[in-house]
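Engineer: To be precise about what I am sending: the file is called query_23.cif and holds mmCIF, C-alpha atoms.
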```cif
data_start
#
loop_
_atom_site.label_atom_id
_atom_site.label_comp_id
_atom_site.auth_asym_id
_atom_site.auth_seq_id
_atom_site.Cartn_x
_atom_site.Cartn_y
_atom_site.Cartn_z
CA MET A 9 0.00 0.00 0.00
CA GLU A 10 1.37 3.39 -0.99
CA LYS A 11 2.17 5.98 1.59
CA ASN A 12 -0.77 8.37 1.73
CA ILE A 13 0.26 11.85 2.90
CA LYS A 14 -2.60 14.21 3.75
CA GLY A 15 -2.53 17.83 4.98
CA ILE A 16 -0.68 20.91 3.74
CA SER A 17 2.98 21.23 2.94
CA ILE A 18 5.22 23.88 4.50
CA LEU A 19 5.30 25.67 1.16
CA GLU A 20 1.52 25.85 1.00
CA SER A 21 1.31 27.15 4.56
CA LEU A 22 3.97 29.81 3.87
CA VAL A 23 2.09 30.97 0.75
CA CYS A 24 -1.04 31.12 2.87
CA LEU A 25 0.77 33.23 5.49
CA VAL A 26 2.08 35.60 2.84
CA ILE A 27 -1.46 36.08 1.48
CA ILE A 28 -2.80 36.75 4.98
CA GLY A 29 0.10 39.16 5.57
CA ILE A 30 -0.73 41.07 2.41
CA GLY A 31 -4.32 41.27 3.65
CA PHE A 32 -3.14 42.72 6.94
CA VAL A 33 -0.97 45.29 5.23
CA ALA A 34 -3.91 46.30 3.04
CA MET A 35 -6.09 46.72 6.11
CA LEU A 36 -3.43 48.81 7.85
CA GLN A 37 -3.15 51.03 4.80
CA LEU A 38 -6.91 51.37 4.69
CA SER A 39 -6.89 52.47 8.29
CA SER A 40 -4.12 55.01 7.79
CA PHE A 41 -5.92 56.26 4.65
CA SER A 42 -9.11 56.78 6.64
CA ILE A 43 -7.21 58.71 9.35
CA ASN A 44 -5.67 60.93 6.69
CA ALA A 45 -9.07 61.36 5.06
CA MET A 46 -10.48 62.54 8.37
CA ASP A 47 -7.62 64.99 8.83
CA ARG A 48 -8.19 66.29 5.31
CA SER A 49 -11.89 66.60 6.03
CA LEU A 50 -11.16 68.65 9.18
CA GLU A 51 -8.87 70.92 7.24
CA LYS A 52 -11.37 71.29 4.42
CA ASN A 53 -14.01 72.15 6.97
CA LYS A 54 -11.81 74.86 8.43
CA LEU A 55 -10.91 76.09 4.98
CA ASN A 56 -14.61 76.45 4.19
CA PHE A 57 -15.04 78.79 7.14
CA LEU A 58 -11.89 80.67 6.20
CA SER A 59 -13.07 81.16 2.63
CA GLU A 60 -16.34 82.42 4.09
CA MET A 61 -14.31 84.85 6.22
CA VAL A 62 -12.48 86.15 3.15
CA LEU A 63 -15.67 86.75 1.19
CA GLU A 64 -17.45 88.30 4.18
CA ASP A 65 -14.60 90.77 4.57
CA MET A 66 -14.96 91.73 0.90
CA ILE A 67 -18.73 92.08 1.20
CA GLY A 68 -18.27 94.23 4.31
CA ASP A 69 -16.01 96.69 2.52
CA PRO A 70 -17.39 96.83 -1.03
CA ASP A 71 -16.12 100.33 -1.80
CA ASN A 72 -12.58 99.02 -1.45
CA ALA A 73 -13.16 95.56 -2.90
CA SER A 74 -10.41 96.03 -5.46
CA ASN A 75 -7.87 96.22 -2.62
CA TYR A 76 -8.71 92.73 -1.47
CA ALA A 77 -6.62 90.91 -4.07
CA PHE A 78 -4.44 88.43 -2.19
CA ASN A 79 -1.87 85.93 -3.33
CA GLN A 80 -0.07 83.65 -0.90
CA THR A 81 2.00 81.11 -2.79
CA ASN A 82 4.15 79.77 0.03
CA CYS A 83 3.73 78.63 3.60
CA ASN A 84 5.48 81.57 5.28
CA TYR A 85 2.64 83.79 6.37
CA SER A 86 4.03 87.06 7.63
CA THR A 87 1.78 89.96 8.51
CA GLN A 88 2.47 93.27 6.80
CA GLY A 89 0.75 95.85 9.03
CA GLY A 90 -1.20 98.91 7.94
CA THR A 91 -4.06 100.97 9.29
CA GLU A 92 -6.56 100.60 6.46
CA LEU A 93 -9.31 98.03 6.89
CA HIS A 94 -8.28 95.97 3.86
CA LYS A 95 -4.70 95.70 5.14
CA LYS A 96 -5.89 94.70 8.60
CA ASN A 97 -8.24 92.16 7.07
CA LYS A 98 -5.52 90.65 4.90
CA ASP A 99 -3.26 90.32 7.95
CA LYS A 100 -6.17 88.62 9.69
CA TRP A 101 -6.39 86.17 6.77
CA ARG A 102 -2.67 85.43 7.08
CA ASN A 103 -2.98 84.74 10.79
CA LYS A 104 -6.08 82.60 10.47
CA LEU A 105 -4.85 80.64 7.46
CA GLU A 106 -1.91 79.40 9.49
CA GLU A 107 -3.94 79.23 12.74
CA LYS A 108 -1.38 81.41 14.43
CA ASN A 109 -1.34 81.03 18.22
CA GLN A 110 -4.73 79.35 18.33
CA ILE A 111 -3.69 75.99 19.78
CA LYS A 112 -0.26 75.06 21.07
CA PHE A 113 0.70 71.59 22.21
CA GLU A 114 3.40 70.75 24.70
CA LYS A 115 6.39 69.31 22.95
CA GLY A 116 9.56 68.05 24.57
CA SER A 117 10.68 69.55 27.87
CA GLY A 118 8.22 72.28 28.67
CA GLY A 119 8.16 73.84 25.19
CA PHE A 120 5.00 74.44 23.17
CA LYS A 121 4.51 74.02 19.46
CA ASP A 122 1.87 75.67 17.26
CA LYS A 123 -0.73 73.34 15.81
CA LYS A 124 -0.72 74.47 12.20
CA PRO A 125 -2.68 73.21 9.22
CA LYS A 126 -0.68 71.23 6.71
CA CYS A 127 1.00 73.41 4.15
CA VAL A 128 3.29 72.00 1.48
CA SER A 129 4.97 73.30 -1.62
CA GLY A 130 2.35 73.90 -4.31
CA ASP A 131 -0.32 75.06 -1.88
CA SER A 132 -1.60 78.57 -2.44
CA LYS A 133 -4.32 80.91 -1.28
CA LYS A 134 -5.50 83.46 -3.75
CA THR A 135 -8.32 85.97 -4.14
CA ILE A 136 -9.27 87.67 -7.38
CA VAL A 137 -11.45 90.76 -7.45
CA SER A 138 -12.63 92.18 -10.72
CA GLY A 139 -15.78 93.78 -12.02
CA GLY A 140 -17.40 93.76 -8.58
CA VAL A 141 -17.00 90.01 -8.23
CA GLY A 142 -14.80 88.48 -5.58
CA ARG A 143 -13.37 84.99 -5.98
CA VAL A 144 -11.51 82.72 -3.62
CA ASN A 145 -9.11 80.08 -4.97
CA PHE A 146 -7.58 77.94 -2.26
CA PHE A 147 -5.27 75.06 -3.19
CA THR A 148 -4.15 72.45 -0.68
CA GLY A 149 -2.51 69.01 -0.86
CA LYS A 150 0.30 70.17 -3.17
CA GLY A 151 -2.27 72.08 -5.17
CA LYS A 152 -4.36 68.97 -5.89
CA ARG A 153 -7.34 69.88 -3.74
CA LYS A 154 -9.07 72.99 -4.97
CA LYS A 155 -11.59 75.23 -3.28
CA TYR A 156 -13.33 77.80 -5.43
CA LEU A 157 -15.91 80.25 -4.21
CA GLY A 158 -17.22 83.50 -5.61
CA VAL A 159 -19.66 86.27 -4.70
CA ILE A 160 -20.88 89.48 -6.18
CA VAL A 161 -19.37 92.08 -3.89
CA LYS A 162 -20.93 95.16 -5.36
CA MET B 3 2.46 -4.14 5.75
CA LYS B 4 4.53 -0.97 6.06
CA LYS B 5 4.63 1.00 9.25
CA LYS B 6 2.28 4.02 8.94
CA THR B 7 3.31 7.25 10.69
CA LEU B 8 0.40 9.36 11.87
CA GLY B 9 0.42 12.81 13.55
CA PHE B 10 3.01 15.64 13.69
CA THR B 11 6.60 15.44 14.72
CA LEU B 12 7.83 17.60 17.59
CA THR B 13 9.59 19.97 15.16
CA GLU B 14 6.44 20.43 13.11
CA THR B 15 4.43 21.16 16.24
CA LEU B 16 6.97 23.72 17.49
CA VAL B 17 7.10 25.45 14.10
CA ALA B 18 3.30 25.50 14.01
CA ILE B 19 3.16 26.99 17.52
CA VAL B 20 5.69 29.72 16.66
CA ILE B 21 3.88 30.64 13.43
CA GLY B 22 0.56 30.55 15.25
CA MET B 23 1.83 32.84 18.01
CA ILE B 24 3.24 35.29 15.49
CA SER B 25 -0.13 35.32 13.70
CA VAL B 26 -2.04 35.86 16.95
CA ALA B 27 0.36 38.66 17.97
CA ALA B 28 -0.06 40.30 14.56
CA ALA B 29 -3.83 39.97 14.75
CA PHE B 30 -3.86 41.41 18.27
CA SER B 31 -1.67 44.40 17.44
CA ALA B 32 -3.69 45.03 14.28
CA TYR B 33 -6.91 44.93 16.32
CA ASN B 34 -5.40 47.39 18.80
CA TYR B 35 -4.31 49.69 16.00
CA PHE B 36 -7.70 49.58 14.27
CA ASN B 37 -9.46 50.15 17.54
CA LYS B 38 -7.38 53.21 18.37
CA SER B 39 -7.73 54.54 14.82
CA TYR B 40 -11.47 54.10 14.93
CA ALA B 41 -11.68 55.88 18.29
CA SER B 42 -9.52 58.72 17.03
CA ILE B 43 -11.44 59.07 13.75
CA SER B 44 -14.85 58.98 15.38
CA GLN B 45 -13.80 61.59 17.96
CA LYS B 46 -12.40 63.93 15.32
CA SER B 47 -15.44 63.39 13.15
CA ALA B 48 -17.77 64.22 16.06
CA ILE B 49 -15.86 67.45 16.72
CA SER B 50 -15.89 68.45 13.07
CA LYS B 51 -19.57 67.77 12.59
CA SER B 52 -20.82 69.57 15.67
CA ALA B 53 -18.54 72.58 15.16
CA ARG B 54 -19.46 72.89 11.46
CA GLU B 55 -23.18 72.83 12.19
CA ALA B 56 -22.89 75.21 15.12
CA LEU B 57 -20.73 77.80 13.38
CA THR B 58 -23.05 77.79 10.39
CA ALA B 59 -26.01 78.53 12.67
CA ILE B 60 -24.13 81.15 14.70
CA ALA B 61 -22.98 82.88 11.50
CA ARG B 62 -26.55 82.90 10.18
CA ASP B 63 -27.83 84.40 13.44
CA LEU B 64 -25.14 87.07 13.44
CA ARG B 65 -25.93 88.03 9.85
CA ASN B 66 -29.55 88.39 10.85
CA ALA B 67 -28.79 90.31 14.07
CA GLY B 68 -30.50 93.67 14.00
CA TYR B 69 -32.70 92.88 11.02
CA ILE B 70 -36.18 94.32 11.30
CA ASP B 71 -38.75 92.97 8.89
CA PRO B 72 -40.29 95.89 6.95
CA ASN B 73 -43.73 94.84 8.19
CA TYR B 74 -42.71 94.21 11.78
CA VAL B 75 -45.19 95.71 14.20
CA ALA B 76 -44.55 95.88 17.91
CA TYR B 77 -47.28 94.59 20.17
CA SER B 78 -49.78 97.22 21.13
CA PRO B 79 -49.03 96.97 24.86
CA GLU B 80 -45.45 97.83 24.09
CA SER B 81 -46.36 100.84 22.02
CA ASN B 82 -44.14 102.82 24.33
CA ARG B 83 -41.22 100.95 22.82
CA THR B 84 -39.38 103.21 20.49
CA GLU B 85 -36.81 102.54 17.84
CA ARG B 86 -34.27 103.42 20.53
CA THR B 87 -35.32 100.56 22.79
CA VAL B 88 -35.40 98.13 19.90
CA ARG B 89 -32.02 99.13 18.57
CA MET B 90 -30.22 99.08 21.91
CA ASN B 91 -30.93 95.34 22.28
CA MET B 92 -29.86 94.09 18.88
CA LEU B 93 -26.49 92.62 19.77
CA SER B 94 -24.79 92.16 23.08
CA VAL B 95 -21.70 90.37 24.31
CA SER B 96 -23.23 90.85 27.70
CA GLN B 97 -20.32 89.46 29.60
CA LYS B 98 -16.77 88.85 28.49
CA ARG B 99 -15.17 86.21 30.73
CA PHE B 100 -18.66 85.04 31.69
CA GLY B 101 -17.76 81.45 32.48
CA GLY B 102 -16.99 78.06 30.99
CA LYS B 103 -14.56 75.49 32.30
CA TYR B 104 -11.70 77.98 32.36
CA GLY B 105 -13.77 81.06 33.18
CA GLN B 106 -12.88 83.04 30.06
CA SER B 107 -15.77 82.31 27.69
CA ASP B 108 -18.26 84.91 26.51
CA TYR B 109 -22.01 85.41 26.68
CA LEU B 110 -23.61 86.38 23.36
CA GLN B 111 -27.14 87.69 22.80
CA LEU B 112 -28.71 88.96 19.62
CA TRP B 113 -32.11 90.02 18.38
CA TYR B 114 -33.89 90.24 15.05
CA ALA B 115 -37.44 90.46 13.77
CA ASN B 116 -37.78 87.83 11.08
CA SER B 117 -41.43 88.43 10.17
CA ALA B 118 -44.24 90.90 10.65
CA THR B 119 -45.29 89.29 13.92
CA GLN B 120 -42.24 87.49 15.22
CA SER B 121 -38.93 88.50 16.72
CA ARG B 122 -36.20 86.19 18.00
CA TYR B 123 -33.89 86.78 20.91
CA ILE B 124 -31.06 84.27 20.79
CA THR B 125 -28.54 83.52 23.50
CA TYR B 126 -25.30 81.54 23.31
CA TYR B 127 -23.10 80.72 26.28
CA LEU B 128 -21.22 77.82 27.83
CA ARG B 129 -23.22 75.82 30.31
CA GLN B 130 -22.06 73.07 32.64
CA TYR B 131 -23.27 69.51 32.20
CA GLN B 132 -25.45 68.21 34.99
CA GLY B 133 -24.63 65.35 37.34
CA GLY B 134 -21.22 66.41 38.60
CA ASN B 135 -19.66 66.54 35.14
CA SER B 136 -17.08 69.33 35.18
CA ASN B 137 -17.32 69.93 31.44
CA TYR B 138 -19.29 72.54 29.53
CA TYR B 139 -21.36 72.64 26.36
CA LEU B 140 -22.37 75.52 24.12
CA SER B 141 -26.00 76.25 24.84
CA ARG B 142 -28.43 77.99 22.51
CA SER B 143 -31.73 79.49 23.60
CA VAL B 144 -34.34 81.14 21.41
CA LEU B 145 -36.99 83.39 22.91
CA LEU B 146 -39.81 84.41 20.59
CA ASN B 147 -41.24 87.92 20.93
CA ARG B 148 -39.15 88.82 23.95
CA HIS B 149 -40.98 92.08 24.56
CA HIS B 150 -44.42 90.50 24.63
CA PRO B 151 -46.30 91.59 27.76
CA GLN B 152 -46.52 87.97 28.90
CA GLY B 153 -42.78 87.53 28.66
CA GLY B 154 -42.35 85.92 25.31
CA ASN B 155 -42.35 82.28 24.29
CA GLN B 156 -39.29 80.15 24.96
CA LEU B 157 -38.91 78.27 21.69
CA ILE B 158 -35.62 76.60 22.59
CA ASP B 159 -34.35 76.50 26.14
CA ASN B 160 -30.64 75.85 26.62
CA GLU B 161 -30.32 73.37 23.80
CA LEU B 162 -27.09 71.36 23.86
CA PHE B 163 -25.65 72.90 20.72
CA VAL B 164 -22.01 71.79 20.80
CA PRO B 165 -20.76 69.24 23.33
CA TYR B 166 -17.47 69.62 25.23
CA VAL B 167 -16.64 73.20 24.39
CA GLU B 168 -13.61 74.64 26.16
CA ASP B 169 -13.64 78.17 24.84
CA PHE B 170 -16.18 80.43 23.14
CA GLN B 171 -14.95 83.89 22.22
CA VAL B 172 -16.80 86.67 20.47
CA ILE B 173 -14.69 89.57 19.22
CA LEU B 174 -16.60 92.47 17.69
CA ARG B 175 -14.99 95.05 15.43
CA ASP B 176 -16.09 98.39 14.00
CA LYS B 177 -15.81 99.45 10.36
CA ASP B 178 -12.18 100.43 10.87
CA GLY B 179 -11.25 96.96 12.11
CA LYS B 180 -10.77 98.06 15.71
CA VAL B 181 -12.01 95.85 18.53
CA LEU B 182 -15.24 97.35 19.82
CA VAL B 183 -15.85 97.21 23.59
CA PRO B 184 -18.06 97.26 25.53
CA VAL B 185 -21.05 95.97 23.57
CA CYS B 186 -23.69 95.05 26.10
CA SER B 187 -27.34 95.97 26.42
CA SER B 188 -28.18 94.60 29.87
CA GLY B 189 -26.82 92.23 32.50
CA CYS B 190 -23.32 93.49 31.82
CA GLY B 191 -20.39 92.13 33.81
CA SER B 192 -17.40 93.58 35.59
CA VAL B 193 -15.30 93.66 32.40
CA GLU B 194 -17.92 95.85 30.71
CA ASP B 195 -18.22 98.02 33.82
CA SER B 196 -14.49 98.65 33.77
CA GLN B 197 -14.80 99.62 30.10
CA GLY B 198 -17.32 102.33 30.96
CA ARG B 199 -20.41 100.64 29.60
CA GLY B 200 -22.71 102.84 31.71
CA ASN B 201 -21.55 106.16 30.23
CA VAL B 202 -24.48 107.92 28.60
CA VAL B 203 -24.03 108.85 24.95
CA SER B 204 -26.24 110.54 22.37
CA THR B 205 -27.35 108.60 19.31
CA PRO B 206 -29.71 109.38 16.41
CA TYR B 207 -32.35 107.48 18.42
CA GLY B 208 -31.86 109.27 21.73
CA GLN B 209 -29.63 108.65 24.72
CA MET B 210 -28.19 105.21 25.38
CA THR B 211 -25.42 103.76 27.45
CA SER B 212 -22.15 103.33 25.56
CA GLY B 213 -22.59 99.54 25.82
CA GLN B 214 -25.91 99.82 24.01
CA ALA B 215 -24.84 102.42 21.48
CA ASN B 216 -21.77 100.45 20.44
CA ALA B 217 -23.98 97.62 19.17
CA MET B 218 -24.96 99.76 16.19
CA ASP B 219 -21.31 100.22 15.19
CA VAL B 220 -20.48 96.52 15.01
CA HIS B 221 -19.25 95.74 11.53
CA THR B 222 -17.62 92.32 11.94
CA ALA B 223 -18.10 89.56 14.48
CA GLU B 224 -15.38 86.98 14.95
CA ILE B 225 -16.29 83.72 16.64
CA TYR B 226 -13.78 81.26 18.08
CA LEU B 227 -14.96 77.87 19.21
CA THR B 228 -12.51 75.43 20.79
CA VAL B 229 -13.98 71.95 21.04
CA ARG B 230 -12.56 68.97 22.91
CA SER B 231 -13.00 65.32 21.99
CA PRO B 232 -15.53 63.60 24.27
CA LYS B 233 -13.12 60.71 24.92
CA GLU B 234 -9.36 60.46 25.24
CA VAL B 235 -7.55 60.08 21.93
CA TYR B 236 -3.83 60.24 22.57
CA SER B 237 -1.72 57.68 24.42
CA LYS B 238 0.47 60.31 26.05
CA ALA B 239 -0.76 63.24 28.13
CA ARG B 240 0.35 66.72 27.13
CA ARG B 241 -0.48 70.27 28.09
CA THR B 242 -2.31 72.58 25.68
CA LYS B 243 -2.33 76.35 25.31
CA ILE B 244 -5.30 78.06 23.72
CA GLN B 245 -5.30 81.66 22.61
CA ASN B 246 -8.41 82.89 20.82
CA GLY B 247 -8.47 86.54 19.84
CA GLU B 248 -5.88 89.12 20.70
CA SER B 249 -5.02 90.21 24.23
CA PRO B 250 -6.70 91.59 26.31
CA HIS B 251 -10.05 90.90 24.63
CA GLY B 252 -9.60 87.22 23.82
CA SER B 253 -8.76 84.20 25.92
CA ASN B 254 -5.43 82.81 27.00
CA LEU B 255 -5.66 79.38 28.59
CA THR B 256 -3.16 76.74 29.64
CA ILE B 257 -4.89 73.42 30.02
CA PRO B 258 -3.24 70.83 32.30
CA ALA B 259 -1.80 67.71 30.66
CA ASP B 260 -4.44 65.32 29.32
CA LYS B 261 -5.00 62.97 26.39
CA TYR B 262 -7.87 64.75 24.65
CA HIS B 263 -7.86 66.09 21.10
CA ARG B 264 -8.76 69.77 20.62
CA GLU B 265 -9.65 71.84 17.59
CA THR B 266 -10.39 75.54 17.28
CA PHE B 267 -12.89 76.64 14.65
CA PHE B 268 -13.13 80.24 13.54
CA VAL B 269 -15.65 82.17 11.54
CA SER B 270 -15.84 85.86 10.77
CA VAL B 271 -19.18 87.42 9.89
CA HIS B 272 -20.10 90.80 8.48
CA THR B 273 -23.01 91.92 10.65
CA ARG B 274 -24.71 93.56 7.72
CA ASN B 275 -27.87 94.53 9.56
CA LEU B 276 -26.04 96.40 12.32
CA ALA B 277 -23.20 98.19 10.62
CA THR B 278 -23.45 101.49 8.85
CA PRO B 279 -24.92 100.33 5.59
CA GLN B 280 -22.51 100.37 2.70
CA VAL B 281 -25.35 100.36 0.19
CA LYS B 282 -25.32 103.33 -2.11
CA ILE B 283 -28.25 105.15 -3.64
CA ALA B 284 -27.90 104.53 -7.35
CA SER B 285 -29.09 107.99 -8.43
CA SER B 286 -26.97 110.17 -6.13
CA GLY B 287 -24.07 107.83 -5.29
CA GLN B 288 -24.45 108.73 -1.60
CA SER B 289 -24.27 106.14 1.13
CA ILE B 290 -27.36 105.54 3.18
CA GLY B 291 -26.36 106.28 6.76
CA VAL B 292 -27.60 104.97 10.07
CA GLY B 293 -30.94 106.43 11.05
CA THR B 294 -32.31 107.02 7.60
CA GLY B 295 -34.61 104.05 7.58
CA TYR B 296 -32.19 101.43 6.29
CA ASN B 297 -34.07 98.64 7.95
CA LYS B 298 -37.53 100.05 8.13
#
```
In structure tokens, write the structure found in this file.
Structural biologist:
Amino acid sequence: MEKNIKGISILESLVCLVIIGIGFVAMLQLSSFSINAMDRSLEKNKLNFLSEMVLEDMIGDPDNASNYAFNQTNCNYSTQGGTELHKKNKDKWRNKLEEKNQIKFEKGSGGFKDKKPKCVSGDSKKTIVSGGVGRVNFFTGKGKRKKYLGVIVK
Amino acid sequence: MKKKTLGFTLTETLVAIVIGMISVAAAFSAYNYFNKSYASISQKSAISKSAREALTAIARDLRNAGYIDPNYVAYSPESNRTERTVRMNMLSVSQKRFGGKYGQSDYLQLWYANSATQSRYITYYLRQYQGGNSNYYLSRSVLLNRHHPQGGNQLIDNELFVPYVEDFQVILRDKDGKVLVPVCSSGCGSVEDSQGRGNVVSTPYGQMTSGQANAMDVHTAEIYLTVRSPKEVYSKARRTKIQNGESPHGSNLTIPADKYHRETFFVSVHTRNLATPQVKIASSGQSIGVGTGYNK
């Protein structure tokens, strides 16, 4: 009578393990993707309110709407001062777009670090005002995610 | 007949145990990771949702603040109410540093007449949870026809609007972008007192206190809402500093080390029904000023 071997070989079991491992990795990536998606959603949510802020400021100062053109193409937001309302408002945009001073987390030995929204090369925040129409163009995620909004200012 | 070997050898069993343990450990750590991720995501999602809905509603209320429906008629028993008494109650940050968990949150009240027969008096402030919970939520109350002789009709009474709010700041600015204080119609606090809210000033509608008169000069309202996750999110405790609005009008908090996630949401609203109207008369090109029937 021939030897009758039943069950799985070591090779089969290893292949099986590799397949299960790939499944695990896929699940982990799914999880990290969903966390990132939530972070993006939070930032988009905030950006919606900020774009609302920008348009509200234009609507609130329609006689000077043409002064509200704004173009921030890098992540170094530095305020520029000025006494006119449009200059103050644009400095407010700069501060709010980088969430300056709003929340600071403890980091290391007693130091605090600003919690800032993600800003990478390619991101830009722009407003265009022409013919009494104000537009907001916000680009995030290396310029891939776009937020457009427009209102008739005057 | 040949000898037939059944079962596993010791080596096979040991290898199987080792592989099995590695698999169980991997499954366990993956479960832990997924569990933490899920908790973190659901907490952040809860914060985002409640803050988004609340800020949208607050912004809508602030845009409406001071609006008087063209057909609005005051109740006959309050015929002694003049435009002065209506206008002095349109917007009020009655108390800066009113309360909240860290004692620096504001108390906001606003009024508008949204139809011929109905006015709304809306109040926002931080209110403590009941049952020994030391946390606060943003409460919203709506009183219909506040000046009705029978005291108005409480449409919404301290609704839980946003859970676990740590800071609620309202910064009001005039048309030049300067912070406007005090803006309070009644029930003002010590901060407003120190800012001279009781000083009598003349307005196109008659004499008012400076706290009441300032309400008509509000051009922009900035709202800061710092919300905390209901449950702990992080594995390591850390301290947090929150600064909403510039000193000395805003808040400046240092929260002791904990594992909660916090987000600050900000919205800025043009209070178009309170500010000096920017609308121009097409024929003359002149601006319509306060007191020339902009709303009525």
Engineer: Would you kindly translate the PyMOL selection byres ((chain B) within 7 of (chain A)) into the concrete residues it picks from this file, as a list of chain:residue names?
Structural biologist: B:Phe36, B:Ser39, B:Ile43, B:Ser47, B:Ser50, B:Asp178, B:Gly179, B:Arg240, B:Arg241, B:Thr242, B:Lys243, B:Ile244, B:Gln245, B:Asn246, B:Thr266, B:Phe267, B:Phe268, B:Val269, B:Ser270, B:Val271, B:His272
Engineer: Restricting the output to C-alpha atoms, write the selected residues as an mmCIF file, keeping the file's coordinate frame.
Structural biologist:
```
data_model
loop_
_atom_site.group_PDB
_atom_site.id
_atom_site.type_symbol
_atom_site.label_atom_id
_atom_site.label_comp_id
_atom_site.auth_asym_id
_atom_site.auth_seq_id
_atom_site.Cartn_x
_atom_site.Cartn_y
_atom_site.Cartn_z
ATOM 1 C CA PHE B 36 -7.700 49.580 14.270
ATOM 2 C CA SER B 39 -7.730 54.540 14.820
ATOM 3 C CA ILE B 43 -11.440 59.070 13.750
ATOM 4 C CA SER B 47 -15.440 63.390 13.150
ATOM 5 C CA SER B 50 -15.890 68.450 13.070
ATOM 6 C CA ASP B 178 -12.180 100.430 10.870
ATOM 7 C CA GLY B 179 -11.250 96.960 12.110
ATOM 8 C CA ARG B 240 0.350 66.720 27.130
ATOM 9 C CA ARG B 241 -0.480 70.270 28.090
ATOM 10 C CA THR B 242 -2.310 72.580 25.680
ATOM 11 C CA LYS B 243 -2.330 76.350 25.310
ATOM 12 C CA ILE B 244 -5.300 78.060 23.720
ATOM 13 C CA GLN B 245 -5.300 81.660 22.610
ATOM 14 C CA ASN B 246 -8.410 82.890 20.820
ATOM 15 C CA THR B 266 -10.390 75.540 17.280
ATOM 16 C CA PHE B 267 -12.890 76.640 14.650
ATOM 17 C CA PHE B 268 -13.130 80.240 13.540
ATOM 18 C CA VAL B 269 -15.650 82.170 11.540
ATOM 19 C CA SER B 270 -15.840 85.860 10.770
ATOM 20 C CA VAL B 271 -19.180 87.420 9.890
ATOM 21 C CA HIS B 272 -20.100 90.800 8.480
#
```
Engineer: Residues within 12 Å of (-1.3, 23.2, 7.4), file coordinates, counting all atoms listed in the file: what are they? Give the list as a list in words.
Structural biologist: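 Output: Lys14, Gly15, Ile16, Ser17, Ile18, Leu19, Glu20, Ser21, Leu22, Val23, Cys24 and Leu25 of chain A; Phe10, Glu14, Thr15, Val17, Ala18, Ile19, Ile21 and Gly22 of chain B.
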Engineer: Spell out the residues picked by the PyMOL selection byres ((chain A and resi 84) around 12) here, as JSON, numbers by chain.
Structural biologist: {"A": [80, 81, 82, 83, 85, 86, 87, 102, 103, 105, 106, 108, 124, 127, 128, 129, 131, 132, 133]}
Engineer: Can you tell me, as a PDB file with C-alpha atoms, in the coordinates of the input, what residues are no more than 8 Å from Tyr114 in chain B when counting only C-alpha atoms, ignoring any on the same chain fewer than 3 positions away?
Structural biologist:
```pdb
ATOM      1  CA  ASN B  66     -29.550  88.390  10.850  1.00  0.00           C
ATOM      2  CA  ALA B  67     -28.790  90.310  14.070  1.00  0.00           C
ATOM      3  CA  GLY B  68     -30.500  93.670  14.000  1.00  0.00           C
ATOM      4  CA  TYR B  69     -32.700  92.880  11.020  1.00  0.00           C
ATOM      5  CA  ILE B  70     -36.180  94.320  11.300  1.00  0.00           C
ATOM      6  CA  MET B  92     -29.860  94.090  18.880  1.00  0.00           C
ATOM      7  CA  SER B 121     -38.930  88.500  16.720  1.00  0.00           C
ATOM      8  CA  ARG B 122     -36.200  86.190  18.000  1.00  0.00           C
ATOM      9  CA  TYR B 123     -33.890  86.780  20.910  1.00  0.00           C
TER      10      TYR B 123
END
```
Engineer: Return the single residue from B:Asp63, B:Asp159, B:Asp108, B:Asp195 that is closest to Gly252 in chain B, with distances computed using all atoms listed in the file.
Structural biologist: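 Under the stated criterion, the closest residue is B:Asp108.
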Engineer: Take the PyMOL selection byres ((chain B and resi 239) around 6), run it mentally on this structure, and tell me the resulting residues as a list in words.
Structural biologist: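 Applying the expression gives Lys238, Arg240, Ala259, Asp260 and Lys261 of chain B.
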Engineer: Using only C-alpha atoms, please write the residues we just selected to a file, as a PDB file, keeping the file's coordinate frame.
Structural biologist:
```pdb
ATOM      1  CA  LYS B 238       0.470  60.310  26.050  1.00  0.00           C
ATOM      2  CA  ARG B 240       0.350  66.720  27.130  1.00  0.00           C
ATOM      3  CA  ALA B 259      -1.800  67.710  30.660  1.00  0.00           C
ATOM      4  CA  ASP B 260      -4.440  65.320  29.320  1.00  0.00           C
ATOM      5  CA  LYS B 261      -5.000  62.970  26.390  1.00  0.00           C
TER       6      LYS B 261
END
```
Engineer: What's around Ala217 in chain B at 10 Å? Count all atoms listed in the file, leave out sequence neighbours fewer than 6 positions away in its own chain, and write the answer as a list in words.
Structural biologist: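 Everything that qualifies: Gly68, Arg89, Met90, Asn91, Met92, Leu93, Ser94, Val95, Leu112, Leu174, Asp176, Leu182, Val183, Pro184, Val185, Cys186, Ser187, Leu276 and Ala277 of chain B.
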Engineer: Can you tell me how far CA of Arg230 in chain B sits from CA of Lys51 in chain B, in Å to one decimal?
Structural biologist: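 Between CA of Arg230 in chain B and CA of Lys51 in chain B the gap works out to 12.5 Å.
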Engineer: Measure the distance from CA of Arg86 in chain B to CA of Ser117 in chain B in Å and round it to one decimal.
Structural biologist: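 Pair CA of Arg86 in chain B / CA of Ser117 in chain B returns 19.6 Å.
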